[in-house]
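*Asks:* Contents of my_file.tsv (TSV, C-alpha atoms):
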chain	number	residue	atom	x	y	z
A	1	MET	CA	-76.73	-60.70	61.41
A	2	ASN	CA	-74.25	-61.28	58.75
A	3	THR	CA	-76.08	-58.98	56.51
A	4	CYS	CA	-76.19	-56.38	59.16
A	5	ALA	CA	-72.56	-56.90	59.86
A	6	CYS	CA	-71.76	-56.51	56.23
A	7	ASN	CA	-73.95	-53.53	55.98
A	8	TYR	CA	-72.22	-52.10	58.95
A	9	LYS	CA	-68.91	-52.71	57.43
A	10	LEU	CA	-70.06	-51.23	54.17
A	11	ILE	CA	-71.48	-48.28	55.99
A	12	PHE	CA	-68.28	-47.96	57.94
A	13	LEU	CA	-66.22	-48.16	54.82
A	14	THR	CA	-68.51	-45.70	53.17
A	15	LEU	CA	-68.22	-43.40	56.09
A	16	ASN	CA	-64.50	-43.81	56.12
A	17	SER	CA	-64.41	-43.09	52.41
A	18	LYS	CA	-66.45	-39.98	52.91
A	19	TYR	CA	-64.18	-39.01	55.73
A	20	CYS	CA	-61.13	-39.54	53.62
A	21	GLN	CA	-62.78	-37.67	50.79
A	22	ASN	CA	-63.62	-34.83	53.09
A	23	THR	CA	-60.12	-34.87	54.45
A	24	PHE	CA	-58.69	-34.90	50.91
A	25	LEU	CA	-60.96	-32.09	49.84
A	26	SER	CA	-60.05	-29.98	52.82
A	27	SER	CA	-56.35	-30.64	52.23
A	28	HIS	CA	-56.78	-29.88	48.57
A	29	TYR	CA	-58.57	-26.68	49.45
A	30	ASN	CA	-55.82	-25.68	51.82
A	31	TRP	CA	-53.17	-26.47	49.17
A	32	PHE	CA	-55.10	-24.52	46.60
A	33	LYS	CA	-55.32	-21.69	49.03
A	34	TYR	CA	-51.57	-21.86	49.61
A	35	GLN	CA	-51.02	-22.10	45.90
A	36	ARG	CA	-53.12	-19.00	45.36
A	37	THR	CA	-50.94	-17.22	47.88
A	38	ILE	CA	-47.65	-17.88	46.02
A	39	LEU	CA	-49.17	-17.90	42.54
A	40	PRO	CA	-48.53	-14.23	41.64
A	41	ARG	CA	-44.73	-14.63	42.00
A	42	TYR	CA	-44.69	-17.76	39.88
A	43	VAL	CA	-46.78	-16.08	37.23
A	44	SER	CA	-44.43	-13.06	37.28
A	45	ASN	CA	-41.41	-15.25	36.46
A	46	GLY	CA	-43.38	-16.92	33.75
A	47	SER	CA	-44.30	-13.54	32.30
A	48	ALA	CA	-40.61	-12.52	32.20
A	49	LYS	CA	-39.72	-15.73	30.40
A	50	THR	CA	-42.61	-15.24	28.02
A	51	GLU	CA	-41.49	-11.64	27.34
A	52	LYS	CA	-37.90	-12.80	26.74
A	53	GLY	CA	-39.08	-15.48	24.37
A	54	ARG	CA	-41.25	-13.00	22.52
A	55	LEU	CA	-38.29	-10.61	22.09
A	56	THR	CA	-36.12	-13.47	20.88
A	57	GLN	CA	-38.69	-14.43	18.30
A	58	LEU	CA	-38.99	-10.78	17.25
A	59	LEU	CA	-35.21	-10.51	16.79
A	60	VAL	CA	-35.08	-13.73	14.82
A	61	LYS	CA	-37.92	-12.53	12.63
A	62	SER	CA	-36.26	-9.15	12.10
A	63	PHE	CA	-32.97	-10.85	11.20
A	64	LYS	CA	-34.75	-13.04	8.67
A	65	ILE	CA	-36.45	-10.04	7.12
A	66	ALA	CA	-33.17	-8.12	6.95
A	67	SER	CA	-31.43	-11.11	5.39
A	68	MET	CA	-34.16	-11.44	2.81
A	69	ALA	CA	-33.97	-7.71	2.04
A	70	PHE	CA	-30.20	-7.91	1.68
A	71	GLY	CA	-30.51	-10.94	-0.60
A	72	VAL	CA	-33.08	-9.20	-2.78
A	73	SER	CA	-30.92	-6.05	-2.96
A	74	LEU	CA	-27.89	-8.14	-3.87
A	75	LEU	CA	-29.83	-9.92	-6.60
A	76	ALA	CA	-31.14	-6.62	-7.90
A	77	PHE	CA	-27.65	-5.12	-7.91
A	78	GLY	CA	-26.25	-8.19	-9.64
A	79	GLY	CA	-29.01	-7.98	-12.21
A	80	TYR	CA	-28.19	-4.34	-12.76
A	81	LEU	CA	-24.54	-5.24	-13.34
A	82	LEU	CA	-25.49	-7.91	-15.85
A	83	VAL	CA	-28.20	-6.04	-17.74
A	84	PHE	CA	-27.07	-2.41	-17.68
A	85	GLU	CA	-24.61	-1.45	-20.43
A	86	ASP	CA	-22.41	1.61	-20.64
A	87	ASP	CA	-20.21	2.90	-23.45
A	88	ASP	CA	-16.98	1.30	-22.26
A	89	LEU	CA	-18.64	-2.07	-21.85
A	90	VAL	CA	-20.29	-1.92	-25.28
A	91	GLN	CA	-16.98	-1.08	-26.94
A	92	LYS	CA	-15.14	-3.94	-25.27
A	93	GLU	CA	-17.88	-6.51	-25.67
A	94	ASN	CA	-18.00	-8.96	-28.55
A	95	LYS	CA	-21.59	-9.53	-29.63
A	96	ASN	CA	-20.87	-12.89	-31.26
A	97	ILE	CA	-19.89	-14.70	-28.06
A	98	PRO	CA	-22.28	-16.91	-26.03
A	99	LEU	CA	-24.46	-15.40	-23.32
A	100	ILE	CA	-22.61	-17.15	-20.47
A	101	ILE	CA	-19.25	-15.71	-21.54
A	102	LYS	CA	-20.87	-12.32	-22.05
A	103	ILE	CA	-22.22	-12.38	-18.48
A	104	TYR	CA	-18.80	-13.43	-17.17
A	105	GLU	CA	-17.09	-10.56	-18.99
A	106	ARG	CA	-19.63	-8.08	-17.65
A	107	ILE	CA	-19.01	-9.26	-14.08
A	108	CYS	CA	-15.24	-8.95	-14.55
A	109	PHE	CA	-15.69	-5.48	-16.03
A	110	ARG	CA	-17.80	-4.34	-13.09
A	111	ILE	CA	-15.36	-5.77	-10.54
A	112	GLU	CA	-12.46	-3.99	-12.22
A	113	PHE	CA	-14.47	-0.76	-12.38
A	114	TYR	CA	-15.30	-0.68	-8.66
A	115	HIS	CA	-11.79	-1.79	-7.72
A	116	LYS	CA	-10.36	1.22	-9.57
A	117	LEU	CA	-13.01	3.44	-8.02
A	118	PHE	CA	-11.74	2.69	-4.51
A	119	THR	CA	-7.99	2.31	-5.18
A	120	ILE	CA	-6.94	5.05	-7.61
A	121	PRO	CA	-7.90	8.72	-8.06
A	122	ALA	CA	-10.64	9.61	-10.48
A	123	THR	CA	-8.32	11.64	-12.74
A	124	ASN	CA	-4.78	11.29	-14.02
A	125	LYS	CA	-4.07	15.00	-13.53
A	126	LEU	CA	-4.34	16.06	-9.92
A	127	LEU	CA	-3.08	19.58	-10.67
A	128	PRO	CA	-3.78	21.91	-13.59
A	129	ASP	CA	-1.17	22.48	-16.25
A	130	SER	CA	1.78	24.63	-15.22
A	131	LEU	CA	2.23	28.12	-16.61
A	132	PRO	CA	4.19	28.59	-19.85
A	133	ASP	CA	7.91	29.27	-19.64
A	134	TYR	CA	7.62	32.94	-20.50
A	135	TYR	CA	5.82	33.55	-17.18
A	136	ASP	CA	7.75	34.28	-14.04
A	137	LYS	CA	7.16	31.07	-12.11
A	138	PRO	CA	9.04	28.91	-9.57
A	139	GLN	CA	11.52	26.44	-10.98
A	140	TYR	CA	10.66	23.63	-8.56
A	141	THR	CA	7.54	22.12	-7.03
A	142	LEU	CA	7.73	21.35	-3.31
A	143	VAL	CA	5.34	18.62	-2.11
A	144	LEU	CA	4.79	18.44	1.66
A	145	GLU	CA	3.04	16.17	4.11
A	146	ILE	CA	1.11	17.98	6.83
A	147	THR	CA	0.74	15.38	9.62
A	148	ASP	CA	3.81	15.24	11.90
A	149	LEU	CA	5.65	17.64	9.61
A	150	LEU	CA	3.68	20.87	9.95
A	151	VAL	CA	1.23	19.83	12.70
A	152	HIS	CA	1.05	17.03	15.27
A	153	PRO	CA	-2.25	15.32	16.27
A	154	GLU	CA	-2.93	14.87	19.98
A	155	TRP	CA	-5.88	13.26	21.76
A	156	SER	CA	-7.21	13.56	25.31
A	157	TYR	CA	-10.43	12.67	27.12
A	158	SER	CA	-11.27	16.30	27.79
A	159	THR	CA	-10.65	17.81	24.33
A	160	GLY	CA	-10.63	14.89	21.90
A	161	TRP	CA	-8.41	15.28	18.83
A	162	ARG	CA	-6.39	18.48	18.50
A	163	PHE	CA	-3.56	19.48	16.15
A	164	LYS	CA	-0.50	21.25	17.54
A	165	LYS	CA	1.18	23.72	15.22
A	166	ARG	CA	4.89	23.14	14.75
A	167	PRO	CA	7.22	25.97	15.79
A	168	ASN	CA	8.39	28.24	12.95
A	169	VAL	CA	5.73	27.06	10.47
A	170	ASP	CA	5.00	30.64	9.41
A	171	TYR	CA	8.67	31.33	8.78
A	172	PHE	CA	9.08	28.11	6.81
A	173	LEU	CA	6.05	28.65	4.57
A	174	GLU	CA	7.05	32.23	3.83
A	175	ARG	CA	10.62	31.26	2.92
A	176	VAL	CA	9.73	28.34	0.66
A	177	GLY	CA	6.58	29.98	-0.72
A	178	LYS	CA	8.67	32.70	-2.39
A	179	ILE	CA	10.90	30.30	-4.35
A	180	PHE	CA	8.82	27.09	-4.74
A	181	GLU	CA	5.41	26.02	-5.95
A	182	VAL	CA	4.16	24.59	-2.64
A	183	VAL	CA	1.73	21.64	-2.68
A	184	VAL	CA	0.37	19.75	0.34
A	185	TYR	CA	-0.11	16.07	-0.48
A	186	THR	CA	-1.35	14.27	2.61
A	187	ALA	CA	-2.74	10.89	3.57
A	188	GLU	CA	-5.37	12.55	5.77
A	189	ASN	CA	-8.94	13.20	4.66
A	190	GLY	CA	-9.73	16.53	3.06
A	191	TYR	CA	-12.39	17.53	5.57
A	192	ILE	CA	-9.72	17.27	8.30
A	193	THR	CA	-6.83	19.01	6.56
A	194	SER	CA	-8.70	21.94	4.97
A	195	PRO	CA	-9.55	23.81	8.20
A	196	ILE	CA	-6.06	23.09	9.55
A	197	LEU	CA	-4.39	24.56	6.46
A	198	ASP	CA	-6.70	27.57	6.62
A	199	GLU	CA	-5.48	28.15	10.15
A	200	ILE	CA	-1.72	27.67	9.67
A	201	ASP	CA	-1.50	29.31	6.23
A	202	PRO	CA	-3.61	32.49	6.28
A	203	ASN	CA	-1.38	34.14	3.64
A	204	GLY	CA	-1.92	31.40	1.06
A	205	TRP	CA	1.67	30.27	0.48
A	206	ILE	CA	0.36	26.75	-0.13
A	207	GLN	CA	-1.02	26.85	-3.67
A	208	TYR	CA	-2.59	23.37	-3.96
A	209	ARG	CA	-4.04	20.85	-1.52
A	210	LEU	CA	-4.25	17.11	-2.21
A	211	SER	CA	-5.78	14.76	0.38
A	212	ARG	CA	-6.35	11.02	0.86
A	213	GLN	CA	-8.80	10.92	-2.06
A	214	CYS	CA	-5.84	11.68	-4.36
A	215	THR	CA	-3.69	8.79	-3.13
A	216	GLU	CA	-3.57	5.24	-4.46
A	217	PHE	CA	-4.14	2.00	-2.59
A	218	ARG	CA	-1.51	-0.63	-3.42
A	219	ASN	CA	-0.76	-3.86	-1.57
A	220	GLY	CA	-2.79	-2.72	1.42
A	221	GLN	CA	-0.97	0.63	1.75
A	222	LEU	CA	-1.69	4.22	0.81
A	223	VAL	CA	0.76	5.50	-1.80
A	224	LYS	CA	1.42	9.02	-3.10
A	225	ASN	CA	1.92	8.89	-6.85
A	226	ILE	CA	3.48	12.22	-7.84
A	227	GLU	CA	3.33	11.25	-11.51
A	228	ARG	CA	-0.31	12.35	-11.32
A	229	ILE	CA	0.43	15.91	-10.17
A	230	ASN	CA	1.11	16.93	-13.79
A	231	ARG	CA	4.63	18.26	-13.21
A	232	ASP	CA	8.10	17.42	-14.49
A	233	LEU	CA	9.51	14.90	-12.00
A	234	SER	CA	13.01	16.34	-12.39
A	235	LYS	CA	11.63	19.49	-10.72
A	236	VAL	CA	9.53	17.88	-7.96
A	237	ILE	CA	10.80	17.58	-4.37
A	238	LEU	CA	8.74	15.37	-2.05
A	239	ILE	CA	9.34	15.89	1.69
A	240	ASP	CA	7.91	13.26	4.03
A	241	TRP	CA	8.76	11.04	7.00
A	242	ASN	CA	6.93	7.86	5.92
A	243	THR	CA	8.82	5.79	3.33
A	244	SER	CA	5.79	3.59	2.54
A	245	TRP	CA	3.81	6.59	1.30
A	246	THR	CA	6.62	7.62	-1.05
A	247	GLN	CA	7.77	4.18	-2.19
A	248	LEU	CA	6.97	4.87	-5.85
A	249	HIS	CA	9.39	7.81	-6.06
A	250	PRO	CA	12.30	7.31	-3.65
A	251	TYR	CA	14.68	9.47	-5.73
A	252	ASN	CA	12.37	12.48	-5.51
A	253	THR	CA	11.91	12.09	-1.76
A	254	LEU	CA	13.71	13.75	1.10
A	255	ILE	CA	12.96	11.70	4.24
A	256	ILE	CA	13.24	13.70	7.45
A	257	PRO	CA	12.52	12.68	11.07
A	258	ARG	CA	8.95	12.70	12.26
A	259	TRP	CA	7.98	15.56	14.58
A	260	ASN	CA	6.58	14.28	17.87
A	261	GLY	CA	5.23	17.58	19.20
A	262	ASP	CA	8.40	19.00	20.79
A	263	GLU	CA	7.84	22.72	21.33
A	264	ASN	CA	11.59	23.47	21.27
A	265	ASP	CA	12.02	22.12	17.76
A	266	ASN	CA	13.72	24.38	15.20
A	267	SER	CA	14.08	21.94	12.32
A	268	LEU	CA	11.84	23.92	9.98
A	269	ILE	CA	14.31	26.82	10.02
A	270	ASP	CA	17.12	24.50	8.98
A	271	LEU	CA	14.87	22.86	6.38
A	272	ALA	CA	14.00	26.22	4.84
A	273	ASP	CA	17.67	27.19	4.71
A	274	PHE	CA	18.56	23.83	3.20
A	275	LEU	CA	15.98	24.14	0.44
A	276	LYS	CA	16.96	27.72	-0.33
A	277	VAL	CA	20.70	27.01	-0.46
A	278	VAL	CA	20.49	23.78	-2.44
A	279	PHE	CA	17.72	24.53	-4.93
A	280	ALA	CA	17.23	28.28	-5.20
A	281	ASN	CA	20.16	29.21	-7.44
A	282	GLU	CA	20.65	26.09	-9.56
A	283	GLU	CA	18.32	24.51	-12.07
A	284	LYS	CA	19.26	20.85	-11.99
A	285	ASP	CA	17.58	17.48	-11.71
A	286	VAL	CA	16.47	17.26	-8.10
A	287	ARG	CA	16.99	13.49	-8.09
A	288	GLU	CA	20.73	13.97	-8.54
A	289	ILE	CA	20.85	16.47	-5.70
A	290	LEU	CA	18.71	14.45	-3.30
A	291	SER	CA	20.70	11.27	-3.94
A	292	GLU	CA	23.66	12.90	-2.16
A	293	PHE	CA	21.61	13.06	1.06
A	294	LYS	CA	20.25	9.50	0.97
A	295	GLN	CA	23.12	8.26	3.11
A	296	TYR	CA	22.00	10.32	6.12
A	297	ASP	CA	19.23	9.37	8.53
A	298	ASP	CA	18.70	13.06	9.26
A	299	PRO	CA	19.71	15.05	6.16
A	300	ILE	CA	18.81	18.36	7.78
A	301	LYS	CA	21.14	17.67	10.68
A	302	ALA	CA	23.86	16.67	8.23
A	303	PHE	CA	23.26	19.86	6.26
A	304	ARG	CA	23.50	21.92	9.45
A	305	GLU	CA	26.79	20.26	10.34
A	306	ASN	CA	28.14	20.79	6.82
A	307	GLN	CA	27.14	24.44	7.02
A	308	ARG	CA	28.95	24.79	10.33
A	309	ILE	CA	32.09	23.20	8.91
A	310	LEU	CA	31.85	25.36	5.80
A	311	LYS	CA	31.46	28.45	7.94
A	312	GLU	CA	34.53	27.58	9.97
A	313	GLU	CA	36.54	26.87	6.84
A	314	THR	CA	35.38	30.15	5.33
A	315	LYS	CA	36.41	31.96	8.49
A	316	VAL	CA	39.84	30.36	8.40
A	317	GLU	CA	40.23	31.28	4.74
A	318	GLU	CA	39.23	34.85	5.49
A	319	GLU	CA	41.78	35.05	8.29
A	320	LYS	CA	44.46	33.69	5.98
A	321	GLU	CA	43.54	36.20	3.31
A	322	LYS	CA	43.64	38.98	5.88
A	323	GLU	CA	47.07	37.89	7.11
A	324	LYS	CA	48.28	37.67	3.54
A	325	GLU	CA	47.07	41.20	2.82
A	326	ILE	CA	48.81	42.53	5.93
A	327	LYS	CA	52.03	40.80	4.92
A	328	ASN	CA	51.82	42.27	1.43
A	329	ILE	CA	51.35	45.75	2.88
A	330	GLU	CA	54.39	45.32	5.15
A	331	ASP	CA	56.50	44.08	2.23
A	332	ASN	CA	55.44	47.07	0.14
A	333	ASN	CA	56.34	49.44	2.95
A	334	LYS	CA	59.77	47.87	3.23
A	335	SER	CA	60.38	48.22	-0.50
A	336	TRP	CA	59.45	51.91	-0.45
A	337	PHE	CA	61.64	52.90	2.49
A	338	SER	CA	64.59	50.57	1.94
A	339	TRP	CA	66.74	53.40	0.41
A	340	ILE	CA	66.58	55.66	3.50
A	341	PRO	CA	69.55	54.05	5.36
A	342	TRP	CA	71.86	54.79	2.38
A	343	ILE	CA	71.50	58.54	2.88
A	344	TYR	CA	73.33	58.36	6.13
Can the structure from this file be put into structure tokens for me?
*Replies:*
Amino acid sequence: MNTCACNYKLIFLTLNSKYCQNTFLSSHYNWFKYQRTILPRYVSNGSAKTEKGRLTQLLVKSFKIASMAFGVSLLAFGGYLLVFEDDDLVQKENKNIPLIIKIYERICFRIEFYHKLFTIPATNKLLPDSLPDYYDKPQYTLVLEITDLLVHPEWSYSTGWRFKKRPNVDYFLERVGKIFEVVVYTAENGYITSPILDEIDPNGWIQYRLSRQCTEFRNGQLVKNIERINRDLSKVILIDWNTSWTQLHPYNTLIIPRWNGDENDNSLIDLADFLKVVFANEEKDVREILSEFKQYDDPIKAFRENQRILKEETKVEEEKEKEKEIKNIEDNNKSWFSWIPWIY
């Protein structure tokens, strides 16, 4: 009986175990079924993460390759600087010094060479030699900026950058072109200024054009060095509105206000008259003449006022001379006819 009871219990437990196992299997099957239902979405997120990780690895790998290529190029360039020799380097180099010092000198030479390449013009003569004295040529050289003196840059979303022509530019260029050697020396790039000058100067009054490539770079600023234009500085007049560009030659510079695009501006007419009156008939050192106008913020306005005062004084003098002549005529008439009353 006991055995049977035990066997019963064992059978019961076995049956219960099978039941539980069947229950577990059915539950597991149902869960697996449910899992199969939501599995595609979970796999999709995993695929996105896998794709993102793959792109990240690709970017990291590309960055490493680019860094290695840059390092190899830098080493190759440095090797070129150390091994390659040119005539200037051979002349300066002492062959009896140690190799380390020789390498150091070559590096310093290359650094100085590339520094000059980017900071100063390639030649010391930006303009050709002037004509001999027996030729009929202008006495003075007039150096002009183009930006905000002859044209004004404007930008808009619809048109981008455009350059507005200053009023009376044609009149100004014609007046000064007949008595000066006109040179444009600008801080703008040549590919920008050339088509602009072709447009505003169809008659060719501007004889030479110098752009940003002809300027120097000093202390973080662009500088116009007119010593390189191959002209006598006592005969060079530099007209600009930016004092930093002309800091090397303040006594040759006439600083005028910057044009902001006002269409009613007539300053170029006054500037042409000023240059013609002051420099056309006298051959003097321009630095002495320009120094007289350094005290004015707007020398052209001061010149216009002086001309007005001079005109008024001249008018008064003419009136006085006219009155004096009339008085002399009346006195002469009196002297001629003073004997008539004695007849009677």
*Asks:* Between A:Val176, A:Ile256, A:Ala69, A:Leu210, which has the minimum distance to Tyr191 of chain A (counting all atoms listed in the file)?
*Replies:*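 Checking each of A:Val176, A:Ile256, A:Ala69, A:Leu210 against Tyr191 of chain A, counting all atoms listed in the file, the winner is A:Leu210.
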*Asks:* Kindly indicate which residue among A:His115, A:Arg209, A:Arg162, A:Lys102 lies nearest to Leu127 of chain A, using only C-alpha atoms for the distances.
*Replies:*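 Selected residue with least distance to Leu127 of chain A: A:Arg209.
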*Asks:* Would you mind reading off the distance between atom CA of Tyr134 of chain A and atom CA of Phe279 of chain A, one decimal, in Å?
*Replies:*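 Computed distance, atom CA of Tyr134 of chain A to atom CA of Phe279 of chain A, equals 20.4 Å.
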*Asks:* Show me as a count of residues only the residues that reach within 9 Å of (12.4, 11.8, 11.4), counting all atoms listed in the file and using the file's own coordinates.
*Replies:* 10
*Asks:* Rank nothing, just name the residue among A:Glu216, A:Glu181, A:Glu292, A:Glu325 nearest to Asp136 of chain A, using only C-alpha atoms.
*Replies:*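 Once distances to Asp136 of chain A are computed over only C-alpha atoms, the minimum belongs to A:Glu181.
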*Asks:* Name the residues in contact with Ser194 of chain A at a cut-off of 12 Å, using all atoms listed in the file, excluding same-chain residues fewer than 3 positions from it; report them as a PyMOL selection string.
*Replies:* chain A and resi 146+184-186+188-191+197-202+206+208-212
*Asks:* Restricting the calculation to only C-alpha atoms, which member of A:Leu238, A:Leu75, A:Leu99, A:Ile309 is positioned closest to Tyr251 of chain A?
*Replies:*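 Going through A:Leu238, A:Leu75, A:Leu99, A:Ile309 one by one, the smallest distance to Tyr251 of chain A is for A:Leu238.
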*Asks:* Extract, using all atoms listed in the file, all DNA, RNA and protein residues at most 7 Å from Leu150 of chain A, discarding same-chain residues fewer than 5 positions from it, and format them as a list in words.
*Replies:*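 Surrounding residues, per the criterion: Lys165, Arg166 and Val169 of chain A.
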